[in-house]
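Engineer: Structure incoming, see below.
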Amino acid sequence: MEVESRYVAVRHHVEGLPSEDDFEVKAARVRWWPESGEVLVRNLYLSVDPYQLNRMKRRSASHLAVDGIVPGERIDAYGAGEVVASACEEYKEGDVVAGVLGWEDYTLFRPSPGVLMSKLAASDDLPLSHHLSALGTSGMTAYAGLYEVGRPEAGEKVFVSAASGSVGRLVGQFAKLAGCYVVGCAGTNAKVDLLKNKLGFDDAFNYKDEPDMKSALKRYFPDGIDIYLDNVGGETLEAALANMNTYGRVALCGVISEYTDAGHRAVPDLLEVIYKRITIRGFFAWDFLTRFAEFTGVISDWIRQGKVQVIEDISDGLESVPSAFAALFSGDNIGKKMVKLA
């Protein structure tokens with residue numbers, strides 16, 4: 001079998017703020033044959049995530065954990081799709097899968113223990129898109145960041161930055177389920193209203209209205225912060241550390257303020273860290289893959305019970321991937337950003 005597959009590639013390494021002009025849509029022939037041992041998937045939904053920008057840079061610490069992206073070549077990304085041909089007993093034509101696919105029409109993969117791919121049960125009653133958001137890597141990051149790194153106890157105070165994004169909106173809801181007091185920050189008043197009125201945060205504020213972040217956090221957390229889920233870095237991290245309680249925990253999964261401008265790099269007061277015995281741990285979803293089945297089971301139940309609200313921002317068509325990606329860095333999206341293919 002041979003199909004033509006369009007794919008999105010970067011024209012060159014991207015070192016600053018990304019734009020649509022940094023990308024191009026190319027085409028290639030994808031070949032599958034019965035003896036290949038491979039599975040051919042027609043992609044239906046593609047995840048669009050900020051961390052991909054670090055992979056697009058010529059040099060980045062992210063390359064220690066995930067492969068850098070080569071200009072002109074396909075870009076692997078989390079996605080969901082339908083098996084159209086399989087040379088593997090584990091997968092059959094018509095199966096729906098979620099895992100590492102690509103910004104492309106079709107993806108070939110060879111099943112192995114090192115490949116993140118799961119076959120969705122035919123009885124699964126949740127929308128397929130949820131497997132890229134609350135039940136995908138964003139949900140796993142939120143779940144692991146709060147429960148494995150933050151280790152919340154009822155009554156503790158939790159601060160979430162970029163709280164209306166794909167990870168933050170879930171962390172806040174999970175923290176409320178754990179009995180915590182939760183405050184989030186976001187970049188528009190509409191997002192602040194969403195956090196307070198739909199997602200159940202105890203309070204929220206627009207960080208653009210706060211000239212002094214340390215004072216703002218002191219106002220919202222007069223008794224200090226116990227857990228900080230950091231998606232931003234920079235001065236927000238500095239301010240959070242200044243307001244942390246003794247034995248506070250910082251779950252560091254993103255520093256989006258630093259992705260496009262190294263001048264925003266955080267300069268934390270390490271004396272705060274030492275004398276308050278603060279734990280700062282960097283992590284990403286792949287660290288907890290052995291817990292993936294447990295996590296999806298728990299969150300699926302919460303969604304069905306109405307305890308967790310899923311918010312998704314979906315664009316249409318492969319050609320919309322560049323604009324969808326660029327929008328992540330201008331704050332245009334609310335919730336999990338993804339692209340739906342025809």
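Ordering of the structure tokens sets the chain letters (A, B, ...); residue numbers start at 1 within each chain; ligands are numbered from 1 in the order shown.
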Could you give me, as a ChimeraX atom specification, the residues within 9 Å of A:Ala9, counting only C-alpha atoms and dropping anything in the same chain fewer than 2 positions from it?

Structural biologist: /A:7,11-12,22-26,69-75,103

Engineer: Pick from A:Met56, A:Leu40, A:Cys88, A:Cys180: nearest to A:Glu15, with only C-alpha atoms counted?

Structural biologist: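 Of A:Met56, A:Leu40, A:Cys88, A:Cys180, the one nearest A:Glu15, counting only C-alpha atoms, is A:Met56.
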
Engineer: I want to know what sits within 9 Å of stretch 191-193 of chain A, based on only C-alpha atoms, with residues of the same chain fewer than 6 positions away left out; could you give that as a list in words?

Structural biologist: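 Contacts, in chain order: Ala163, Ser164, Gly184, Cys185, Asp203, Ala204, Phe205, Asn206 and Ile334 of chain A.
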
Engineer: Can you tell me, as a PDB file with C-alpha atoms, in the first residue's frame, which residues in stretch 128-230 of chain A count as strand (DSSP E or B) by DSSP?

Structural biologist:
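Output contents, as saved in out_2.pdb:
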```
ATOM      1  CA  LYS A 157      -2.544  26.332  49.352  1.00  0.00           C
ATOM      2  CA  VAL A 158      -1.834  25.787  45.635  1.00  0.00           C
ATOM      3  CA  PHE A 159      -0.793  28.383  43.054  1.00  0.00           C
ATOM      4  CA  VAL A 160      -1.027  27.624  39.311  1.00  0.00           C
ATOM      5  CA  GLY A 165      -3.770  26.437  29.551  1.00  0.00           C
ATOM      6  CA  TYR A 181      -7.266  26.124  48.254  1.00  0.00           C
ATOM      7  CA  VAL A 182      -6.385  27.050  44.650  1.00  0.00           C
ATOM      8  CA  VAL A 183      -5.519  30.345  42.972  1.00  0.00           C
ATOM      9  CA  GLY A 184      -4.510  30.671  39.325  1.00  0.00           C
ATOM     10  CA  CYS A 185      -3.237  33.465  37.122  1.00  0.00           C
ATOM     11  CA  ALA A 186      -3.951  34.048  33.436  1.00  0.00           C
ATOM     12  CA  ASP A 203      -9.672  32.766  43.100  1.00  0.00           C
ATOM     13  CA  ALA A 204      -7.790  33.951  40.028  1.00  0.00           C
ATOM     14  CA  PHE A 205      -6.195  37.128  38.713  1.00  0.00           C
ATOM     15  CA  ASN A 206      -4.880  38.729  35.529  1.00  0.00           C
ATOM     16  CA  ILE A 225       1.957  28.926  49.201  1.00  0.00           C
ATOM     17  CA  ASP A 226       2.487  25.215  49.813  1.00  0.00           C
ATOM     18  CA  ILE A 227       2.535  23.971  46.204  1.00  0.00           C
ATOM     19  CA  TYR A 228       3.342  25.857  43.013  1.00  0.00           C
ATOM     20  CA  LEU A 229       2.727  24.279  39.605  1.00  0.00           C
ATOM     21  CA  ASP A 230       4.976  26.334  37.318  1.00  0.00           C
TER      22      ASP A 230
END
```

Engineer: Using only C-alpha atoms, which residues sit within 7 Å of stretch 231-241 of chain A once same-chain residues fewer than 4 positions away are excluded, as JSON, numbers by chain?

Structural biologist: {"A": [161, 162, 213, 214, 252, 253, 254, 255, 256, 257, 258, 264, 265, 266, 267, 268, 272]}

Engineer: How would the residues just picked look written out with N, CA and C atoms as a JSON list (two decimals), in the first residue's frame?

Structural biologist:
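Below is the file that was written, result.json:
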```json
[["chain", "number", "residue", "atom", "x", "y", "z"],
["A", 161, "SER", "N", 0.29, 28.81, 37.64],
["A", 161, "SER", "CA", 0.49, 29.83, 36.61],
["A", 161, "SER", "C", 0.02, 29.29, 35.26],
["A", 162, "ALA", "N", -0.23, 30.20, 34.30],
["A", 162, "ALA", "CA", -0.81, 29.80, 33.01],
["A", 162, "ALA", "C", -1.99, 28.87, 33.25],
["A", 213, "MET", "N", 4.51, 41.24, 41.11],
["A", 213, "MET", "CA", 3.98, 39.88, 41.28],
["A", 213, "MET", "C", 4.16, 39.37, 42.71],
["A", 214, "LYS", "N", 5.23, 39.75, 43.37],
["A", 214, "LYS", "CA", 5.44, 39.30, 44.74],
["A", 214, "LYS", "C", 4.34, 39.83, 45.65],
["A", 252, "LEU", "N", 7.90, 21.89, 38.40],
["A", 252, "LEU", "CA", 8.32, 22.73, 37.28],
["A", 252, "LEU", "C", 8.19, 21.95, 35.98],
["A", 253, "CYS", "N", 7.13, 22.25, 35.20],
["A", 253, "CYS", "CA", 6.91, 21.49, 33.96],
["A", 253, "CYS", "C", 6.99, 22.36, 32.72],
["A", 254, "GLY", "N", 7.10, 23.69, 32.89],
["A", 254, "GLY", "CA", 7.19, 24.57, 31.73],
["A", 254, "GLY", "C", 7.69, 25.93, 32.14],
["A", 255, "VAL", "N", 8.38, 26.59, 31.23],
["A", 255, "VAL", "CA", 8.88, 27.96, 31.48],
["A", 255, "VAL", "C", 8.64, 28.77, 30.21],
["A", 256, "ILE", "N", 7.38, 28.90, 29.85],
["A", 256, "ILE", "CA", 7.06, 29.46, 28.54],
["A", 256, "ILE", "C", 7.55, 30.90, 28.38],
["A", 257, "SER", "N", 7.71, 31.64, 29.49],
["A", 257, "SER", "CA", 8.21, 33.01, 29.38],
["A", 257, "SER", "C", 9.65, 33.04, 28.88],
["A", 258, "GLU", "N", 10.37, 31.92, 29.04],
["A", 258, "GLU", "CA", 11.77, 31.86, 28.65],
["A", 258, "GLU", "C", 11.99, 31.21, 27.28],
["A", 264, "HIS", "N", 14.16, 36.69, 30.10],
["A", 264, "HIS", "CA", 13.16, 36.47, 31.14],
["A", 264, "HIS", "C", 13.54, 35.33, 32.08],
["A", 265, "ARG", "N", 14.74, 34.82, 31.95],
["A", 265, "ARG", "CA", 15.15, 33.67, 32.76],
["A", 265, "ARG", "C", 15.10, 34.01, 34.24],
["A", 266, "ALA", "N", 14.58, 33.09, 35.04],
["A", 266, "ALA", "CA", 14.41, 33.32, 36.47],
["A", 266, "ALA", "C", 15.74, 33.40, 37.18],
["A", 267, "VAL", "N", 15.79, 34.29, 38.17],
["A", 267, "VAL", "CA", 16.95, 34.39, 39.05],
["A", 267, "VAL", "C", 16.42, 34.23, 40.48],
["A", 268, "PRO", "N", 16.14, 33.01, 40.89],
["A", 268, "PRO", "CA", 15.51, 32.80, 42.21],
["A", 268, "PRO", "C", 16.45, 33.13, 43.35],
["A", 272, "GLU", "N", 15.98, 31.69, 49.94],
["A", 272, "GLU", "CA", 14.59, 31.28, 50.18],
["A", 272, "GLU", "C", 14.48, 29.76, 50.08]]
```

Engineer: What are the nearest atom pairs, with distances in Å to one decimal, for all residues of stretch 199-265 of chain A that come at most 7 Å from stretch 127-150 of chain A, using only C-alpha atoms, set out by chain and rising residue number as CSV?

Structural biologist:
```
residue,atom,partner,partner_atom,distance
A:Ile227,CA,A:Gly150,CA,5.9
A:Arg249,CA,A:Gly150,CA,5.7
A:Val250,CA,A:Gly150,CA,6.9
A:Ala251,CA,A:Gly145,CA,5.6
```

Engineer: Deliver the residues from the most recent selection as a file, using N, CA and C atoms, as a PDB file, in the first residue's frame.

Structural biologist:
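Writing done, so here's selection_28.pdb:
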```
ATOM      1  N   ILE A 227       2.201  24.655  47.459  1.00  0.00           N
ATOM      2  CA  ILE A 227       2.535  23.971  46.204  1.00  0.00           C
ATOM      3  C   ILE A 227       2.401  24.966  45.061  1.00  0.00           C
ATOM      4  N   ARG A 249       6.632  22.947  47.842  1.00  0.00           N
ATOM      5  CA  ARG A 249       7.042  22.131  46.688  1.00  0.00           C
ATOM      6  C   ARG A 249       6.715  22.864  45.398  1.00  0.00           C
ATOM      7  N   VAL A 250       7.688  22.899  44.496  1.00  0.00           N
ATOM      8  CA  VAL A 250       7.509  23.508  43.180  1.00  0.00           C
ATOM      9  C   VAL A 250       7.613  22.407  42.136  1.00  0.00           C
ATOM     10  N   ALA A 251       6.535  22.204  41.384  1.00  0.00           N
ATOM     11  CA  ALA A 251       6.520  21.247  40.276  1.00  0.00           C
ATOM     12  C   ALA A 251       6.739  22.039  39.000  1.00  0.00           C
TER      13      ALA A 251
END
```
